[in-house]
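Engineer: Have a look at this one before I ask anything.
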Amino acid sequence: MHNKTLAELSAVLQQGEVSSEELTQHFLQRIQSLDAKLNALVTVTEEQALAQARAADTQRKAGNAGPLTGLPLIHKDIFCTKGVKTTCGSKMLDNFIAPYDATVVAKCKAAGMVTLGKANMDEFAMGSSNETSFYGPVRNPWNLDAVPGGSSGGSAASVAARLAPVATGTDTGGSIRQPAALCGITGLKPTYGRVSRYGMIAFASSLDQAGPMTRTAEDAALMLNVMAGFDQRDSTSVEKDVPDYTQTLNDSIKGLKIGLPKEYFGEGLDSEVKKVIETAIKQYEELGAQVLDISLPNSSLAVPTYYVVAPAECSSNLSRFDGVRFGYRCQDPKDLKDFYERNRGEGFGAEVKRRIMIGTYALSAGYYDAYYLKAQQLRRLISDDFRKAFEQVDVIMSATAPTVAFKLGEKTDDPVTMYLSDINTIAVNLAGLPGMSIPAGFANSLPVGLQIIGNYFGEQRLLNVAHQYQQVTQWHQQTPQEFA
Amino acid sequence: MEWEPVIGLEIHVQLLTKSKIFSGASIAYGAAPNTQACAVDLGLPGVLPVLNKEVVRMAVKFGLAIGAKVSKRSIFARKNYFYPDLPKGYQISQYELPIVEHGHLEIELEDGTVKQIGITRAHLEEDAGKSLHEDFHGLTGIDLNRAGTPLLEVVSEPDLRSAKEAVAYMKKMHSLVQYLEICDGNMQEGSFRCDANVSIRPKGQKEFGTRAELKNINSFRFVERAINVEIERQIDILEGGGEVVQETRLYDPDKNETRSMRTKEEANDYRYFPDPDLLPVVIEEEFIDRVKQTLPELPDEKIHRFTKDYGLNAYDASVLVANREMAEYFDAVAKATGEPKAAANWVMGDLTGALNKSSQEIKDSPVSAAMLAGMINRIKDGTLTSKTAKIVFEAMWNGEGEADQIIEAKDLKPISDSGAIEKIIDDIIAANPEQVEQYRGGKEKVFGFFVGQVMKASKGKADPQQVNQLLKQKLAG
C-alpha cells in the first residue's frame with residue numbers, strides 16, 4: 001500500500017478498499033519501525049493523525065470528500081502547527097509549541113489531509129545535508145551512510161522511504177530540489193509568491209518558498225492545487241488565480257523548447273551525473289522536444305550573491321529568537337546582555353551563527369553598499385539572464401545537484417564546498433522562478449535529479465513536462481531496498 | 001560672546017487608526033497588559049506584517065497639509081536592535097524612501113512675525129512595547145499592547161532658533177494633526193511625543209555646532225524648559241573651553257536637567273535594509289487627489305482668512321485657530337453677528353475664562369456659538385451695554401436661557417426714555433449737594449462719580465452717552 005502514489009491512494013480511498021484510519025495506521029507503523037534508521041521525523045503526531053483520519057472517514061461517508069481527504073502527509077518542521085511542537089531543527093525552539101497553523105498547514109487540513117508528524121531539517125533551513133539539525137542528521141534511504149541533502153532532508157527521506165506519500169518542504173536556495181534529487185523523489189519549488197509564507201518560519205524572506213515533495217509530478221500537481229493561492233496575511237503572495245494543475249499534465253510536449261545553459265554543464269559537474277542528465281535530455285528529444293544551447297552568463301555570481309542576501313535577511317529574521325517571549329532561555333543570566341548572549345549563543349548551532357555573523361557584517365554601516373546593495377544589483381542581472389533565456393526557450397534543464405549524495409561528515413568542515421552543492425539551484429531562488437527536480441537515473445547506485453526551470457507562474461508547464469517524462473521512464477518508481 | 005541656538009524637532013504622531021499598522025489588533029489605550037497583542041505583534045515565529053492602508057491615507061493627508069512631496073513609491077525598512085520590548089528584534093520603519101518629504105509649517109510668534117519652518121520628512125513606523133520596571137521586584141515586565149501602534153515621525157529642519165520657537169512649532173503641529181483628524185493629540189497618553197536636537201553656535205557663524213538629542217520631553221512646558229537648560233549647559237561647556245559631545249540626553253523634569261543616555265560611540269548600528277516582507281508602498285496620483293478632497297480648511301488658511309476678512313491680528317488669529325473647535329465656534333459667531341472683533345474678544349476672553357475655570361472643552365460649552373451670537377447682536381443693536389452683556393453671559397453660562405429670555409427675565413432693556421433718565425439724574429443731584437458744589441467749583445473729576453451713580457441706579461440700563469449729555473446739562477445748572 002505504501003508504494004502507491006498519492007493519486008493512487010486517493011483512488012483506493014474513494015473506492016472504499018481501505019479507510020483513511022487504516023491507511024494512517026499503516027504509515028504510522030512504518031514510521032515506528034523504520035524511522036530509527038533515518039531520523040527523518042522530529043515529532044510524530046499519532047493521536048492527532050488518527051483523529052484526523054477518523055474525521056476524514058466520516059466526511060467521506062457523508063459524501064463530502066475531496067481528492068485529498070484522508071490522505072496522510074508529513075510537514076517540514078519549519079511550518080507552525082497549532083498545538084504541536086515546531087522546532088525548525090533548532091534547540092532554540094525545542095520547547096516551542098506553535099499557537100497557530102501556518103497557511104500551508106491550514107490549507108492541507110482544510111483539504112482533509114492527515115498530518116503524521118513533523119520532518120527533521122537543517123537548523124532554520126540552513127544547510128544542504130541535514131547535518132545542522134539539533135536533532136541529529138537524517139540518513140539517505142538509498143545509502144544510510146550518505147546525507148539526504150537539505151535543508152528539507154527529513155521530508156525527502158520520508159517520501160523516499162515510503163513513510164508518507166507526500167511531504168511539504170521549503171526552498172530558499174535549493175532546499176526542496178536538492179534533497180529531492182539526492183533521495184530520488186520529485187520536488188517542486190513554486191514561483192516566489194505562489195504559496196503563502198505565513199506561518200513558515202522565515203530564513204530569507206525574499207527567497208523562501210514552500211512546495212510539495214512527492215513521488216510523482218502528478219502528486220505534486222495535486223498538492224500544489226491545495227497549497228497555492230493568495231493569502232491576505234502574506235503581502236508577498238500574489239493575487240493570481242490557481243489553475244487545476246492536474247488538467248494540463250497530459251498535454252503534448254512536442255515542439256517544447258528546452259534550453260541547456262552551458263554554465264551548468266561545465267567544471268564541477270560529476271561526469272556520471274552528467275551522463276544521466278544527457279540521457280534524460282535524449283529522452284525528451286524522443287518525446288518531440290527541441291534542445292537549444294543557451295547561456296546564463298552571470299551564473300557564477302549566483303552563489304556569492306546568495307551568500308550575501310540570504311545571511312543578511314536571516315540575521316534580521318532570527319533576531320526575534322531572543323528568549324524573551326518564547327524559545328530557549330539560559331539559566332541565571334547576570335544581566336540583559338548576558339541574557340541575550342547566552343540565549344542565542346547556547347540556543348543556536350554553529351551554521352546558524354555563522355550566517356547571522358556574515359549577514360550582520362554585510363548590513364553594517366560602511367559595508368552595506370559594497371555587499372547588500374551590490375548583491376541586489378547582481379540579483380537583477382541574474383534575473384535578466386533568465387528573462388532573456390525564456391524569450392528563446394520554454395524550460396531550462398540541468399542537473400539539480402552537481403554530485404549524488406555525499407557521505408555524512410564529508411563536507412561538514414568545509415562550508416564553502418557544502419555551499420557549492422546548491423550551485424545549480426540557487427539562481428532560481430534569486431530570480432524567484434519555479435523549479436523542479438525529478439528522478440532521472442542513478443550514478444554510483446545513488447539517485448540523480450534532473451532540474452527543470454520554468455518561467456514565472458509556469459508551474460503548469462513544469463508539471464506537464466515532468467509528468468510526460470514520468471510516463472515513459474521508471475526512475476520515479478524506484479524504491480530503496482531497505483524500505484521497499 | 002552671543003550664542004545662537006539651533007534646534008530641530010522630531011515629533012512622533014500616533015495615528016488615529018482602529019488597528020495596528022501591521023496587524024488587526026486594537027490600539028485602544030489603557031487595556032490590561034498584553035491583551036491587545038496578537039501573534040504578529042508578539043513577533044512569533046512565522047508571522048508576517050500586512051500594512052494597514054489607513055495609515056497611508058493619513059500620511060498622504062498630512063503630506064498635502066504641509067505642502068510636501070508625497071512619494072509615489074516609498075519603502076519600509078527594518079531598523080535592527082535588541083531590546084526586550086521590541087518583539088522582532090527590529091522596528092519596521094522607513095529609511096531611505098519615506099512617504100513624505102520637503103514640507104513646511106508656518107509659526108506665528110508673539111511679536112506678530114511669521115516664520116516658516118522646513119519639514120525634512122515624515123515617515124511611517126511601528127511603535128515598540130513598554131518595559132515596566134515597577135511592581136516586579138527587581139525584574140522587568142513587558143507590555144506589548146503598544147507594539148505595532150502606527151506612528152508618523154515628523155522631522156523638522158534645524159530652523160528653530162529658540163525654545164519659544166520650538167514650542168510654537170510643536171503647538172502648531174499639535175493643532176494641525178488634530179485638524180486633519182489623524183491624531184487625537186493626547187500627550188498624556190503619548191499620542192504626540194517629541195525629541196529635540198539642540199546645538200549652539202556663535203551668532204553669525206554658518207556651521208552648526210555639535211548637537212545633543214533630548215528625549216522624553218512630552219509636554220509643551222517640558223520642551224521649553226528642557227531646551228533652555230540644554231542651551232545653558234552647552235554655553236557653559238563652550239565658554240569654559242570644553243567641547244560638546246554628540247550624544248543622546250534624557251530630560252529629568254523633577255531636577256530640571258538633562259543627563260547623558262549614550263554617546264555617539266555607544267550608538268547602535270541599526271543595519272537598516274528594505275523589509276522583504278512588505279512590498280513598496282505605491283501611491284497613485286488619483287489616490288492623492290481623492291485625499292486632497294477630504295482636507296479641511298487648514299490652520300494657515302484659517303489664520304489668513306481671519307486676518308484678511310475679519311481684520312484680526314495674526315497673533316489673535318493664531319490663538320483662535322490653534323484649536324479647531326474654537327476656530328469654528330468663533331467663525332460661527334463672527335458670521336452670525338458681522339462683528340468679528342467682538343466675537344474674538346468674547347471667545348478669547350469671557351468664554352475661554354469660563355471654560356478654563358470649569359476645565360471644560362469648548363465643544364461642551366453651555367453657551368453655544370448661536371447663543372453668544374444672539375447676545376452680541378443685542379449689544380450691536382444697543383439693547384445691551386458692556387455691563388449688562390456680562391450679566392447676560394453669566395446667566396447663559398448658568399443655563400438660564402438665551403440672551404433675549406434673560407434680558408426679559410432680568411429686565412435688562414435699556415432706559416431710552418430721556419424723562420426717566422432725567423428723573424434719576426435729578427434725584428442724584430439732589431442727594432449729593434456736596435459733590436455738585438465741588439463740580440461747579442471746577443473739580444471736573446467728580447463728573448465720573450455722577451456717571452457711576454446714575455448707571456448704578458439704572459442698573460446699567462441707561463445709555464452712557466445719553467447720561468453724559470444730560471448730566472452735563474443739569475450740572476451746568
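FYI, nothing fancy with the C-alpha cells labels: chains A, B, ... in order, residues from 1 per chain, ligands from 1 as they appear.
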Report as a Markdown table the residues of chain A within 6 Å of chain B, each with its shortest atom pair and distance in Å (one decimal), using only C-alpha atoms, ordered by chain and increasing residue number.
Structural biologist:
| residue | atom | partner | partner_atom | distance |
| --- | --- | --- | --- | --- |
| A:Tyr198 | CA | B:Val47 | CA | 5.7 |
| A:Gly199 | CA | B:Gly46 | CA | 3.9 |
| A:Met200 | CA | B:Gly46 | CA | 4.7 |
| A:Ile201 | CA | B:Gly46 | CA | 4.0 |
| A:Ala202 | CA | B:Gly46 | CA | 6.0 |
| A:Ser205 | CA | B:Pro276 | CA | 5.8 |
| A:Ser206 | CA | B:Pro276 | CA | 5.4 |
| A:Ser235 | CA | B:Val50 | CA | 5.9 |
| A:Ser319 | CA | B:Gly89 | CA | 4.8 |
| A:Arg320 | CA | B:Lys88 | CA | 4.3 |
| A:Leu363 | CA | B:Arg271 | CA | 5.1 |
| A:Ser364 | CA | B:Arg271 | CA | 5.2 |
Engineer: Using the chain letters and numbers from this document, which residues of stretch 315-433 of chain A does DSSP assign to helix (DSSP H, G or I), as a PyMOL selection string?
Structural biologist: chain A and resi 315-320+336-347+350-363+369-389+415-422+426-431
Engineer: Determine, counting only C-alpha atoms, which protein, DNA and RNA residues have an atom within 8 Å of an atom of A:Ile382; residues of the same chain fewer than 6 positions away are not included. Present the result as a CSV table (one decimal) with N, CA and C atoms, in the first residue's frame.
Structural biologist:
chain,number,residue,atom,x,y,z
A,296,LEU,N,23.6,31.5,-19.5
A,296,LEU,CA,23.2,32.4,-18.4
A,296,LEU,C,24.5,33.0,-17.9
A,298,ASN,N,25.7,35.2,-16.1
A,298,ASN,CA,26.0,35.6,-14.7
A,298,ASN,C,25.9,34.5,-13.7
A,299,SER,N,25.8,33.3,-14.2
A,299,SER,CA,25.6,32.1,-13.3
A,299,SER,C,26.7,32.0,-12.2
A,301,LEU,N,27.9,34.2,-10.5
A,301,LEU,CA,27.7,35.2,-9.4
A,301,LEU,C,26.6,34.7,-8.5
A,302,ALA,N,25.9,33.7,-8.8
A,302,ALA,CA,24.7,33.3,-8.0
A,302,ALA,C,25.1,32.9,-6.6
A,427,ALA,N,20.3,30.1,-8.2
A,427,ALA,CA,20.0,31.2,-9.1
A,427,ALA,C,18.4,31.3,-9.3
A,430,LEU,N,17.1,33.3,-6.5
A,430,LEU,CA,17.4,34.7,-6.6
A,430,LEU,C,16.5,35.4,-7.7
A,431,ALA,N,16.1,34.6,-8.7
A,431,ALA,CA,15.2,35.2,-9.7
A,431,ALA,C,13.8,35.0,-9.4
Engineer: Work out how far atom CA of B:Ser365 is from atom CA of B:Tyr310, in Å to one decimal.
Structural biologist: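 A separation of 23.5 Å between them.
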Engineer: For A:Tyr419, please output as a ChimeraX atom specification all residues within 9 Å (counting only C-alpha atoms; exclusion window: fewer than 4 positions along the same chain).
Structural biologist: /A:127-128,303,307,414-415,423
Engineer: Fewer than 2 positions away in the same chain doesn't count, so skip those; otherwise give me all residues within 10 Å of A:Ile281, counting only C-alpha atoms, as a VMD selection string.
Structural biologist: chain A and resid 258 260 275 to 279 283 to 287 289 to 291 397 to 398 440 450 469
Engineer: For atom CA of B:Lys203 and atom CA of B:Ile119, quote the distance in Å rounded to one decimal.
Structural biologist: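 Distance between the two atoms: 23.3 Å.
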Engineer: Might you pull out every residue within 6 Å of B:Glu10, with only C-alpha atoms counted and same-chain residues fewer than 2 positions away left off, and present them as a list in words?
Structural biologist: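 Counting only the stated atoms, we get Val154, Val155, Cys194 and Asp195 of chain B.
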Engineer: Could you please determine the separation between atom CA of A:His2 and atom CA of A:Tyr135 in Å, to one decimal place?
Structural biologist: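 Those two atoms sit 25.9 Å apart.
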Engineer: Would you return as number ranges by chain the members of stretch 397-480 of chain A that DSSP assigns to strand (DSSP E) on this structure's backbone?
Structural biologist: A: 397-399, 435-443, 446-453
Engineer: Measuring atom to atom with only C-alpha atoms, identify which of A:Ala210, A:Ala36, A:Leu163, A:Leu144 is nearest to A:Val195.
Structural biologist: A:Ala210
Engineer: Within 7 Å of A:Ala167, counting only C-alpha atoms, which residues qualify if same-chain residues fewer than 3 places away don't, as a VMD selection string?
Structural biologist: chain A and resid 73 to 75 155 159 212 to 214
